[in-house]
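This is input_9.cif (mmCIF, C-alpha atoms (C1' of nucleotides)).
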```cif
data_target
#
loop_
_atom_site.group_PDB
_atom_site.id
_atom_site.type_symbol
_atom_site.label_atom_id
_atom_site.label_comp_id
_atom_site.auth_asym_id
_atom_site.auth_seq_id
_atom_site.Cartn_x
_atom_site.Cartn_y
_atom_site.Cartn_z
ATOM 1 C CA MET A 1 -38.205 43.933 -126.763
ATOM 2 C CA ARG A 2 -35.551 41.274 -126.865
ATOM 3 C CA ILE A 3 -31.897 41.644 -127.661
ATOM 4 C CA GLY A 4 -32.158 40.857 -131.359
ATOM 5 C CA GLU A 5 -34.817 43.464 -131.895
ATOM 6 C CA LEU A 6 -32.854 46.064 -129.987
ATOM 7 C CA ALA A 7 -29.805 45.238 -132.046
ATOM 8 C CA GLY A 8 -31.783 45.684 -135.233
ATOM 9 C CA ALA A 9 -33.278 48.944 -134.024
ATOM 10 C CA THR A 10 -29.906 50.405 -133.171
ATOM 11 C CA GLY A 11 -27.793 49.113 -136.005
ATOM 12 C CA THR A 12 -25.633 46.988 -133.811
ATOM 13 C CA THR A 13 -25.417 43.335 -132.785
ATOM 14 C CA ALA A 14 -26.590 41.246 -129.889
ATOM 15 C CA ARG A 15 -22.982 40.539 -129.102
ATOM 16 C CA ALA A 16 -22.181 44.226 -128.793
ATOM 17 C CA LEU A 17 -25.190 44.822 -126.560
ATOM 18 C CA ARG A 18 -24.094 42.080 -124.190
ATOM 19 C CA HIS A 19 -20.703 43.694 -124.233
ATOM 20 C CA TYR A 20 -22.166 47.075 -123.293
ATOM 21 C CA GLU A 21 -24.088 45.439 -120.488
ATOM 22 C CA GLN A 22 -20.942 43.792 -119.230
ATOM 23 C CA ALA A 23 -19.267 47.173 -119.317
ATOM 24 C CA GLY A 24 -22.097 48.574 -117.235
ATOM 25 C CA LEU A 25 -23.445 50.862 -119.929
ATOM 26 C CA ILE A 26 -26.886 49.338 -120.267
ATOM 27 C CA SER A 27 -29.031 47.119 -118.119
ATOM 28 C CA SER A 28 -31.859 44.723 -118.785
ATOM 29 C CA GLU A 29 -34.721 42.936 -117.169
ATOM 30 C CA ARG A 30 -34.856 39.221 -117.539
ATOM 31 C CA ALA A 31 -37.837 37.223 -118.680
ATOM 32 C CA SER A 32 -38.635 34.021 -116.847
ATOM 33 C CA ASN A 33 -36.723 32.077 -119.460
ATOM 34 C CA GLY A 34 -33.607 34.166 -118.936
ATOM 35 C CA TYR A 35 -33.949 36.295 -122.074
ATOM 36 C CA ARG A 36 -32.966 39.930 -121.759
ATOM 37 C CA ILE A 37 -35.869 42.358 -122.016
ATOM 38 C CA TYR A 38 -35.472 46.009 -122.956
ATOM 39 C CA ASP A 39 -37.825 48.970 -123.069
ATOM 40 C CA GLU A 40 -38.000 51.786 -125.598
ATOM 41 C CA GLN A 41 -35.558 53.895 -123.601
ATOM 42 C CA ALA A 42 -32.882 51.401 -124.411
ATOM 43 C CA VAL A 43 -33.038 52.310 -128.081
ATOM 44 C CA VAL A 44 -32.153 55.918 -127.347
ATOM 45 C CA ARG A 45 -29.530 54.920 -124.876
ATOM 46 C CA VAL A 46 -27.807 52.514 -127.206
ATOM 47 C CA ARG A 47 -27.895 54.997 -130.061
ATOM 48 C CA ASN A 48 -26.257 57.522 -127.813
ATOM 49 C CA ILE A 49 -23.604 55.034 -126.853
ATOM 50 C CA ARG A 50 -22.922 54.194 -130.480
ATOM 51 C CA TYR A 51 -22.751 57.839 -131.306
ATOM 52 C CA LEU A 52 -20.189 58.542 -128.651
ATOM 53 C CA LEU A 53 -18.160 55.525 -129.648
ATOM 54 C CA SER A 54 -18.158 56.652 -133.244
ATOM 55 C CA ALA A 55 -16.852 59.981 -132.020
ATOM 56 C CA GLY A 56 -13.754 58.188 -130.880
ATOM 57 C CA LEU A 57 -14.597 57.745 -127.220
ATOM 58 C CA THR A 58 -13.938 54.522 -125.379
ATOM 59 C CA LEU A 59 -16.490 52.568 -123.376
ATOM 60 C CA ASP A 60 -14.817 53.979 -120.311
ATOM 61 C CA ASP A 61 -15.319 57.495 -121.589
ATOM 62 C CA VAL A 62 -18.938 56.759 -122.361
ATOM 63 C CA ARG A 63 -19.471 55.652 -118.805
ATOM 64 C CA ALA A 64 -18.875 59.228 -117.758
ATOM 65 C CA PHE A 65 -21.854 60.256 -119.884
ATOM 66 C CA LEU A 66 -24.265 57.770 -118.417
ATOM 67 C CA PRO A 67 -26.378 60.321 -116.555
ATOM 68 C CA CYS A 68 -26.883 62.130 -119.859
ATOM 69 C CA LEU A 69 -27.636 59.163 -122.031
ATOM 70 C CA ASP A 70 -31.174 58.718 -120.895
ATOM 71 C CA GLY A 71 -32.724 62.064 -120.416
ATOM 72 C CA ASP A 72 -32.133 61.796 -116.727
ATOM 73 C CA VAL A 73 -32.215 65.542 -116.361
ATOM 74 C CA ALA A 74 -31.965 65.755 -112.628
ATOM 75 C CA ALA A 75 -28.507 64.248 -112.621
ATOM 76 C CA ALA A 76 -27.161 66.555 -115.278
ATOM 77 C CA ALA A 77 -26.589 69.728 -113.367
ATOM 78 C CA PRO A 78 -23.793 72.001 -114.584
ATOM 79 C CA SER A 79 -21.608 70.831 -111.749
ATOM 80 C CA ASP A 80 -22.133 67.241 -112.763
ATOM 81 C CA LYS A 81 -19.141 65.010 -112.569
ATOM 82 C CA GLY A 82 -19.922 63.289 -115.823
ATOM 83 C CA LEU A 83 -20.054 66.615 -117.557
ATOM 84 C CA ARG A 84 -16.648 67.576 -116.277
ATOM 85 C CA VAL A 85 -15.172 64.277 -117.296
ATOM 86 C CA ALA A 86 -16.780 64.704 -120.666
ATOM 87 C CA LEU A 87 -15.181 68.087 -121.149
ATOM 88 C CA GLU A 88 -11.820 66.671 -120.193
ATOM 89 C CA ARG A 89 -12.250 63.915 -122.719
ATOM 90 C CA LEU A 90 -13.219 66.480 -125.291
ATOM 91 C CA ALA A 91 -9.968 68.315 -124.646
ATOM 92 C CA VAL A 92 -8.048 65.081 -125.096
ATOM 93 C CA ILE A 93 -9.817 64.446 -128.369
ATOM 94 C CA ASP A 94 -8.992 67.957 -129.493
ATOM 95 C CA GLU A 95 -5.348 67.361 -128.778
ATOM 96 C CA ARG A 96 -5.435 64.130 -130.702
ATOM 97 C CA ILE A 97 -6.987 65.798 -133.709
ATOM 98 C CA ALA A 98 -4.535 68.679 -133.537
ATOM 99 C CA ALA A 99 -1.594 66.288 -133.453
ATOM 100 C CA GLN A 100 -2.901 64.343 -136.407
ATOM 101 C CA THR A 101 -3.592 67.495 -138.356
ATOM 102 C CA GLU A 102 -0.121 68.825 -137.784
ATOM 103 C CA ALA A 103 1.431 65.519 -138.809
ATOM 104 C CA ARG A 104 -0.749 65.399 -141.872
ATOM 105 C CA ASP A 105 0.333 68.870 -142.904
ATOM 106 C CA ARG A 106 3.970 67.964 -142.544
ATOM 107 C CA LEU A 107 3.486 64.854 -144.623
ATOM 108 C CA ALA A 108 1.645 66.792 -147.273
ATOM 109 C CA ALA A 109 4.469 69.323 -147.323
ATOM 110 C CA ALA A 110 7.019 66.546 -147.685
ATOM 111 C CA LEU A 111 5.054 65.108 -150.567
ATOM 112 C CA ARG A 112 4.772 68.490 -152.258
ATOM 113 C CA GLU A 113 8.531 68.856 -152.132
ATOM 114 C CA ARG A 114 8.961 65.506 -153.803
ATOM 115 C CA ILE A 115 6.724 66.165 -156.728
ATOM 116 C CA GLY A 116 7.146 69.841 -157.182
ATOM 117 C CA GLY A 117 3.631 71.150 -156.831
ATOM 118 C CA ARG A 118 1.874 68.503 -158.826
ATOM 119 C CA ILE A 119 -0.346 67.751 -155.879
ATOM 120 C CA ARG A 120 -3.673 69.248 -155.174
ATOM 121 C CA THR A 121 -3.923 68.643 -151.468
ATOM 122 C CA VAL A 122 -7.250 67.796 -150.048
ATOM 123 C CA ALA A 123 -7.227 70.648 -147.598
ATOM 124 C CA MET B 1 25.720 52.167 -133.408
ATOM 125 C CA ARG B 2 23.971 49.188 -131.938
ATOM 126 C CA ILE B 3 20.321 48.826 -131.127
ATOM 127 C CA GLY B 4 20.539 49.884 -127.498
ATOM 128 C CA GLU B 5 22.284 53.103 -128.383
ATOM 129 C CA LEU B 6 19.783 53.892 -131.094
ATOM 130 C CA ALA B 7 16.983 53.224 -128.663
ATOM 131 C CA GLY B 8 18.531 55.611 -126.173
ATOM 132 C CA ALA B 9 19.089 58.263 -128.809
ATOM 133 C CA THR B 10 15.487 58.139 -129.963
ATOM 134 C CA GLY B 11 13.679 57.668 -126.701
ATOM 135 C CA THR B 12 12.367 54.270 -127.569
ATOM 136 C CA THR B 13 13.275 50.657 -126.827
ATOM 137 C CA ALA B 14 15.195 47.921 -128.565
ATOM 138 C CA ARG B 15 12.010 45.931 -128.755
ATOM 139 C CA ALA B 16 10.219 48.709 -130.570
ATOM 140 C CA LEU B 17 13.089 49.088 -133.035
ATOM 141 C CA ARG B 18 12.998 45.388 -133.848
ATOM 142 C CA HIS B 19 9.286 45.785 -134.308
ATOM 143 C CA TYR B 20 9.760 48.661 -136.745
ATOM 144 C CA GLU B 21 12.263 46.600 -138.636
ATOM 145 C CA GLN B 22 9.852 43.722 -138.836
ATOM 146 C CA ALA B 23 7.242 46.117 -140.117
ATOM 147 C CA GLY B 24 9.663 47.228 -142.798
ATOM 148 C CA LEU B 25 10.107 50.743 -141.456
ATOM 149 C CA ILE B 26 13.804 50.605 -140.747
ATOM 150 C CA SER B 27 16.654 48.387 -141.840
ATOM 151 C CA SER B 28 19.999 47.467 -140.380
ATOM 152 C CA GLU B 29 23.356 46.023 -141.244
ATOM 153 C CA ARG B 30 24.510 43.078 -139.273
ATOM 154 C CA ALA B 31 27.858 42.732 -137.546
ATOM 155 C CA SER B 32 29.638 39.401 -137.798
ATOM 156 C CA ASN B 33 28.174 38.393 -134.481
ATOM 157 C CA GLY B 34 24.653 39.049 -135.661
ATOM 158 C CA TYR B 35 24.162 42.355 -133.854
ATOM 159 C CA ARG B 36 22.210 45.026 -135.693
ATOM 160 C CA ILE B 37 24.277 48.040 -136.757
ATOM 161 C CA TYR B 38 22.767 51.439 -137.521
ATOM 162 C CA ASP B 39 24.135 54.670 -138.908
ATOM 163 C CA GLU B 40 23.294 58.233 -137.945
ATOM 164 C CA GLN B 41 20.487 58.432 -140.480
ATOM 165 C CA ALA B 42 18.593 55.939 -138.444
ATOM 166 C CA VAL B 43 18.230 58.410 -135.604
ATOM 167 C CA VAL B 44 16.394 60.883 -137.802
ATOM 168 C CA ARG B 45 14.347 58.167 -139.365
ATOM 169 C CA VAL B 46 13.244 56.693 -136.071
ATOM 170 C CA ARG B 47 12.442 60.094 -134.644
ATOM 171 C CA ASN B 48 10.241 60.766 -137.622
ATOM 172 C CA ILE B 49 8.525 57.457 -137.156
ATOM 173 C CA ARG B 50 7.935 58.175 -133.481
ATOM 174 C CA TYR B 51 6.559 61.576 -134.261
ATOM 175 C CA LEU B 52 4.049 60.208 -136.712
ATOM 176 C CA LEU B 53 3.040 57.410 -134.392
ATOM 177 C CA SER B 54 2.547 59.810 -131.518
ATOM 178 C CA ALA B 55 0.292 61.807 -133.782
ATOM 179 C CA GLY B 56 -1.959 58.791 -133.999
ATOM 180 C CA LEU B 57 -0.851 57.349 -137.313
ATOM 181 C CA THR B 58 -0.376 53.624 -137.750
ATOM 182 C CA LEU B 59 2.763 51.804 -138.810
ATOM 183 C CA ASP B 60 1.015 51.195 -142.101
ATOM 184 C CA ASP B 61 0.480 54.907 -142.544
ATOM 185 C CA VAL B 62 4.095 55.578 -141.751
ATOM 186 C CA ARG B 63 5.280 52.994 -144.224
ATOM 187 C CA ALA B 64 3.628 54.909 -147.003
ATOM 188 C CA PHE B 65 5.677 57.986 -146.217
ATOM 189 C CA LEU B 66 9.069 56.546 -145.491
ATOM 190 C CA PRO B 67 10.590 57.620 -148.803
ATOM 191 C CA CYS B 68 9.863 61.198 -147.790
ATOM 192 C CA LEU B 69 11.238 61.005 -144.286
ATOM 193 C CA ASP B 70 14.774 60.149 -145.121
ATOM 194 C CA GLY B 71 16.015 62.570 -147.695
ATOM 195 C CA ASP B 72 18.169 60.008 -149.452
ATOM 196 C CA VAL B 73 15.477 58.679 -151.670
ATOM 197 C CA ALA B 74 16.449 58.668 -155.275
ATOM 198 C CA ALA B 75 13.700 56.142 -155.761
ATOM 199 C CA ALA B 76 10.844 58.583 -155.474
ATOM 200 C CA ALA B 77 10.208 59.676 -158.996
ATOM 201 C CA PRO B 78 6.928 61.532 -159.653
ATOM 202 C CA SER B 79 5.298 58.539 -161.248
ATOM 203 C CA ASP B 80 6.559 56.258 -158.563
ATOM 204 C CA LYS B 81 4.319 53.656 -157.073
ATOM 205 C CA GLY B 82 5.364 54.610 -153.568
ATOM 206 C CA LEU B 83 4.235 58.106 -154.283
ATOM 207 C CA ARG B 84 0.782 56.950 -155.266
ATOM 208 C CA VAL B 85 0.597 54.904 -152.122
ATOM 209 C CA ALA B 86 1.575 57.950 -150.135
ATOM 210 C CA LEU B 87 -1.119 60.047 -151.763
ATOM 211 C CA GLU B 88 -3.742 57.430 -151.096
ATOM 212 C CA ARG B 89 -2.588 57.204 -147.539
ATOM 213 C CA LEU B 90 -2.797 60.947 -147.179
ATOM 214 C CA ALA B 91 -6.392 60.803 -148.330
ATOM 215 C CA VAL B 92 -7.114 58.090 -145.794
ATOM 216 C CA ILE B 93 -5.597 60.195 -143.060
ATOM 217 C CA ASP B 94 -7.608 63.196 -144.165
ATOM 218 C CA GLU B 95 -10.782 61.189 -144.018
ATOM 219 C CA ARG B 96 -9.943 59.949 -140.594
ATOM 220 C CA ILE B 97 -9.281 63.436 -139.327
ATOM 221 C CA ALA B 98 -12.436 64.749 -140.927
ATOM 222 C CA ALA B 99 -14.522 62.000 -139.344
ATOM 223 C CA GLN B 100 -13.043 62.645 -135.938
ATOM 224 C CA THR B 101 -13.454 66.362 -136.279
ATOM 225 C CA GLU B 102 -17.072 66.113 -137.326
ATOM 226 C CA ALA B 103 -17.883 63.761 -134.473
ATOM 227 C CA ARG B 104 -16.042 65.963 -132.063
ATOM 228 C CA ASP B 105 -17.988 69.025 -133.162
ATOM 229 C CA ARG B 106 -21.292 67.317 -132.726
ATOM 230 C CA LEU B 107 -20.207 66.073 -129.360
ATOM 231 C CA ALA B 108 -19.119 69.541 -128.329
ATOM 232 C CA ALA B 109 -22.398 70.980 -129.506
ATOM 233 C CA ALA B 110 -24.358 68.377 -127.594
ATOM 234 C CA LEU B 111 -22.401 69.152 -124.480
ATOM 235 C CA ARG B 112 -22.900 72.883 -124.843
ATOM 236 C CA GLU B 113 -26.614 72.610 -125.257
ATOM 237 C CA ARG B 114 -27.240 69.788 -122.826
ATOM 238 C CA ILE B 115 -30.702 69.522 -124.221
ATOM 239 C CA GLY B 116 -32.741 68.096 -121.426
ATOM 240 C CA GLY B 117 -29.599 66.454 -120.191
ATOM 241 C CA ARG B 118 -29.593 64.308 -123.241
ATOM 242 C CA ILE B 119 -27.290 64.026 -126.173
ATOM 243 C CA ARG B 120 -28.835 64.414 -129.545
ATOM 244 C CA THR B 121 -28.482 61.416 -131.765
ATOM 245 C CA VAL B 122 -28.163 61.278 -135.492
ATOM 246 C CA ALA B 123 -31.671 59.932 -135.777
ATOM 247 C "C1'" DC C 1 -42.842 16.138 -132.265
ATOM 248 C "C1'" DT C 2 -39.653 18.211 -134.814
ATOM 249 C "C1'" DT C 3 -37.678 22.057 -137.004
ATOM 250 C "C1'" DG C 4 -35.426 26.289 -136.926
ATOM 251 C "C1'" DA C 5 -35.136 30.889 -135.253
ATOM 252 C "C1'" DC C 6 -34.200 32.870 -131.401
ATOM 253 C "C1'" DC C 7 -31.917 33.178 -126.861
ATOM 254 C "C1'" DT C 8 -28.233 31.879 -122.976
ATOM 255 C "C1'" DT C 9 -23.116 31.597 -120.984
ATOM 256 C "C1'" DG C 10 -18.277 30.971 -121.814
ATOM 257 C "C1'" DC C 11 -14.229 31.382 -123.987
ATOM 258 C "C1'" DC C 12 -10.898 31.986 -127.765
ATOM 259 C "C1'" DG C 13 -9.599 34.987 -131.997
ATOM 260 C "C1'" DT C 14 -8.437 39.574 -134.068
ATOM 261 C "C1'" DC C 15 -5.649 43.897 -134.879
ATOM 262 C "C1'" DG C 16 -1.816 47.275 -133.369
ATOM 263 C "C1'" DG C 17 2.111 48.451 -130.931
ATOM 264 C "C1'" DC C 18 4.604 46.940 -128.456
ATOM 265 C "C1'" DG C 19 6.096 44.562 -123.148
ATOM 266 C "C1'" DT C 20 8.002 40.694 -121.220
ATOM 267 C "C1'" DC C 21 9.917 36.565 -120.515
ATOM 268 C "C1'" DA C 22 12.746 32.303 -121.960
ATOM 269 C "C1'" DG C 23 16.788 30.418 -123.500
ATOM 270 C "C1'" DG C 24 20.951 31.293 -125.415
ATOM 271 C "C1'" DG C 25 25.207 33.838 -127.820
ATOM 272 C "C1'" DT C 26 28.967 37.662 -127.437
ATOM 273 C "C1'" DC C 27 31.537 40.954 -125.446
ATOM 274 C "C1'" DG C 28 34.985 43.590 -122.297
ATOM 275 C "C1'" DC C 29 37.093 43.649 -117.972
ATOM 276 C "C1'" DA C 30 39.098 42.163 -113.370
ATOM 277 C "C1'" DT D 1 37.660 32.548 -116.043
ATOM 278 C "C1'" DG D 2 33.887 34.282 -114.675
ATOM 279 C "C1'" DC D 3 30.748 38.320 -114.237
ATOM 280 C "C1'" DG D 4 27.624 41.605 -116.058
ATOM 281 C "C1'" DA D 5 26.048 44.147 -119.867
ATOM 282 C "C1'" DC D 6 24.711 43.745 -124.055
ATOM 283 C "C1'" DC D 7 22.751 41.251 -128.103
ATOM 284 C "C1'" DC D 8 19.891 37.467 -130.604
ATOM 285 C "C1'" DT D 9 15.308 34.855 -131.923
ATOM 286 C "C1'" DG D 10 10.947 33.164 -130.880
ATOM 287 C "C1'" DA D 11 6.687 33.349 -128.634
ATOM 288 C "C1'" DC D 12 3.075 34.558 -125.399
ATOM 289 C "C1'" DG D 13 0.600 38.707 -122.896
ATOM 290 C "C1'" DC D 14 -2.148 42.958 -122.952
ATOM 291 C "C1'" DC D 15 -5.747 46.465 -124.012
ATOM 292 C "C1'" DG D 16 -10.333 47.571 -126.613
ATOM 293 C "C1'" DA D 17 -14.384 46.448 -128.906
ATOM 294 C "C1'" DC D 18 -16.204 43.306 -130.221
ATOM 295 C "C1'" DG D 19 -16.669 38.571 -133.793
ATOM 296 C "C1'" DG D 20 -17.550 33.914 -133.755
ATOM 297 C "C1'" DC D 21 -18.070 29.361 -132.195
ATOM 298 C "C1'" DA D 22 -19.553 25.750 -128.918
ATOM 299 C "C1'" DA D 23 -23.086 23.639 -126.371
ATOM 300 C "C1'" DG D 24 -27.165 24.105 -124.810
ATOM 301 C "C1'" DG D 25 -32.276 26.111 -123.489
ATOM 302 C "C1'" DT D 26 -36.938 28.104 -125.375
ATOM 303 C "C1'" DC D 27 -40.694 28.751 -128.226
ATOM 304 C "C1'" DA D 28 -44.104 29.158 -132.119
ATOM 305 C "C1'" DA D 29 -45.246 27.010 -136.358
ATOM 306 C "C1'" DG D 30 -45.986 23.117 -139.301
#
```
Rewrite the coordinates I just gave you, this time as structure tokens.
Amino acid sequence: MRIGELAGATGTTARALRHYEQAGLISSERASNGYRIYDEQAVVRVRNIRYLLSAGLTLDDVRAFLPCLDGDVAAAAPSDKGLRVALERLAVIDERIAAQTEARDRLAAALRERIGGRIRTVA
Amino acid sequence: MRIGELAGATGTTARALRHYEQAGLISSERASNGYRIYDEQAVVRVRNIRYLLSAGLTLDDVRAFLPCLDGDVAAAAPSDKGLRVALERLAVIDERIAAQTEARDRLAAALRERIGGRIRTVA
DNA sequence: CTTGACCTTGCCGTCGGCGTCAGGGTCGCA
DNA sequence: TGCGACCCTGACGCCGACGGCAAGGTCAAG
């Protein structure tokens, strides 16, 4: 498939796919006319990338998951470097969420003070 | 106090303080020579701002809560517009946290299982 | 043979939270 | 009176994840 089709199949854009390639997250064959050519694997791979990005990871973070993105089982041993990096990133994300949650609670408390219990807080 | 002193007292920089002012988060008197002059309140205010920023909130988020961070706000009546803004902003923050948390959980689950070395996608 | 839908590379624009000059005023002190 | 430390206002730079445009190549259909 060509880049437009892959974009359509993964809910992204050709521009983003070129960006991922530039970042070393995906690769492509080239047709004789220079067009990028992808196989079915690419669909899974790109969806995985998008998924990780939507989880708040950066492209750099995602790079650490590359061995896992494809179903390349052999590379994903428990001692795998990518896995360790991933767990570290997960810890960072946890910290970020915890910080935001604490801040949110303080803000909600401040608001409650101001309006004397008229708030039903979301949490 | 002048801007450098406030910066020192809050662990930030003069540049950042000017930025906050430009964003409407803090205000200052001006001395006859044009220098910004701050009172003690500003220290608390800036520390609050820094705390919220470090928790991952944006300047826009912070702006919505400023009336609550200062204590001196006679302007925050229950029906106040600023209060509505703050509530909306709180909802936005909650959504953001929820989205991050959900993504994080799925990511953590995927990592735990390591199904065939592959991360499960939404599809 | 032309249209128009696709593709290519390259490079600038965007948003947020500042950093970092550049170019110039304003102090206090020796 | 001159130095150094501070302050001022622009205005451009940076990172991240692309968007969007320019200027052109490619290809099937009409």
Query - A:Arg15, A:Arg112, A:Arg89, A:Arg2 ranked by distance to Gly34 in chain A, top pick (using only C-alpha atoms) - result: A:Arg2
Report task. Please identify all polymer residues within 12 Å of Asn33 in chain B, counting only C-alpha atoms (C1' of nucleotides), omitting same-chain residues fewer than 6 positions from it, and present them as a list of chain:residue names. Result -> B:Arg2, C:DG25, C:DT26, C:DC27, D:DC7, D:DC8
Report task. Run the PyMOL selection byres ((chain C and resi 18) around 9) mentally over the shown coordinates, then write out the matched residues as a list in words, using the chain letters and numbers from the document. Result -> Arg15, Ala16 and His19 of chain B; DG16, DG17 and DG19 of chain C
**Report entry** Selection under test: the PyMOL selection byres ((chain C) within 12 of (chain A)); residues as a list of chain:residue names
**Finding:** C:DA5, C:DC6, C:DC7, C:DT8, C:DT9
Query raised in the report: Could you state the separation of CA of Leu111 in chain A and CA of Cys68 in chain B in Å, given to one decimal place?
Result: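 Going from CA of Leu111 in chain A over to CA of Cys68 in chain B, I get 6.8 Å.
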Assuming the chain letters and numbering stay as they are in my file, what does the PyMOL selection byres ((chain A) within 12 of (chain D)) actually select? List them as a PDB file with C-alpha atoms, in the coordinates of the input.
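So selection_10.pdb came out as:
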```
ATOM      1  CA  THR A  12     -25.633  46.988-133.811  1.00  0.00           C
ATOM      2  CA  THR A  13     -25.417  43.335-132.785  1.00  0.00           C
ATOM      3  CA  ALA A  14     -26.590  41.246-129.889  1.00  0.00           C
ATOM      4  CA  ARG A  15     -22.982  40.539-129.102  1.00  0.00           C
ATOM      5  CA  ALA A  16     -22.181  44.226-128.793  1.00  0.00           C
ATOM      6  CA  LEU A  17     -25.190  44.822-126.560  1.00  0.00           C
ATOM      7  CA  ARG A  18     -24.094  42.080-124.190  1.00  0.00           C
ATOM      8  CA  HIS A  19     -20.703  43.694-124.233  1.00  0.00           C
ATOM      9  CA  TYR A  20     -22.166  47.075-123.293  1.00  0.00           C
ATOM     10  CA  GLN A  22     -20.942  43.792-119.230  1.00  0.00           C
ATOM     11  CA  ALA A  23     -19.267  47.173-119.317  1.00  0.00           C
ATOM     12  CA  ALA A  31     -37.837  37.223-118.680  1.00  0.00           C
ATOM     13  CA  SER A  32     -38.635  34.021-116.847  1.00  0.00           C
ATOM     14  CA  ASN A  33     -36.723  32.077-119.460  1.00  0.00           C
ATOM     15  CA  GLY A  34     -33.607  34.166-118.936  1.00  0.00           C
ATOM     16  CA  TYR A  35     -33.949  36.295-122.074  1.00  0.00           C
ATOM     17  CA  ARG A  50     -22.922  54.194-130.480  1.00  0.00           C
ATOM     18  CA  LEU A  53     -18.160  55.525-129.648  1.00  0.00           C
ATOM     19  CA  SER A  54     -18.158  56.652-133.244  1.00  0.00           C
ATOM     20  CA  GLY A  56     -13.754  58.188-130.880  1.00  0.00           C
ATOM     21  CA  LEU A  57     -14.597  57.745-127.220  1.00  0.00           C
ATOM     22  CA  THR A  58     -13.938  54.522-125.379  1.00  0.00           C
ATOM     23  CA  LEU A  59     -16.490  52.568-123.376  1.00  0.00           C
ATOM     24  CA  ASP A  60     -14.817  53.979-120.311  1.00  0.00           C
TER      25      ASP A  60
END
```
Query raised in the report: By how many Å are CA of Gln100 in chain A and CA of Val43 in chain B apart?
Result: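 Distance between the two atoms: 22.0 Å.
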Requested in this report: Could you check how far CA of Glu29 in chain B sits from CA of Ala64 in chain B, in Å to one decimal?
Outcome: 22.4 Å
Query raised in the report: What would the list of residues within 7 Å of (-21.2, 59.8, -124.4) (file frame) look like as a ChimeraX atom specification, if all atoms listed in the file are what count?
Result: /A:48-49,52,61-62,65,69
Around all listed atoms of range 20-24 of chain A, padded 6 Å per side, what centre and edge lengths does the axis-aligned box have in Å to one decimal, as JSON?
```
{"center_x": -21.7, "center_y": 46.2, "center_z": -120.3, "size_x": 16.8, "size_y": 16.8, "size_z": 18.1}
```
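Proximity ranking of B:Leu6, B:Leu66, B:Ala55, B:Ala109 relative to chain A places B:Ala55 first, based on all atoms listed in the file.
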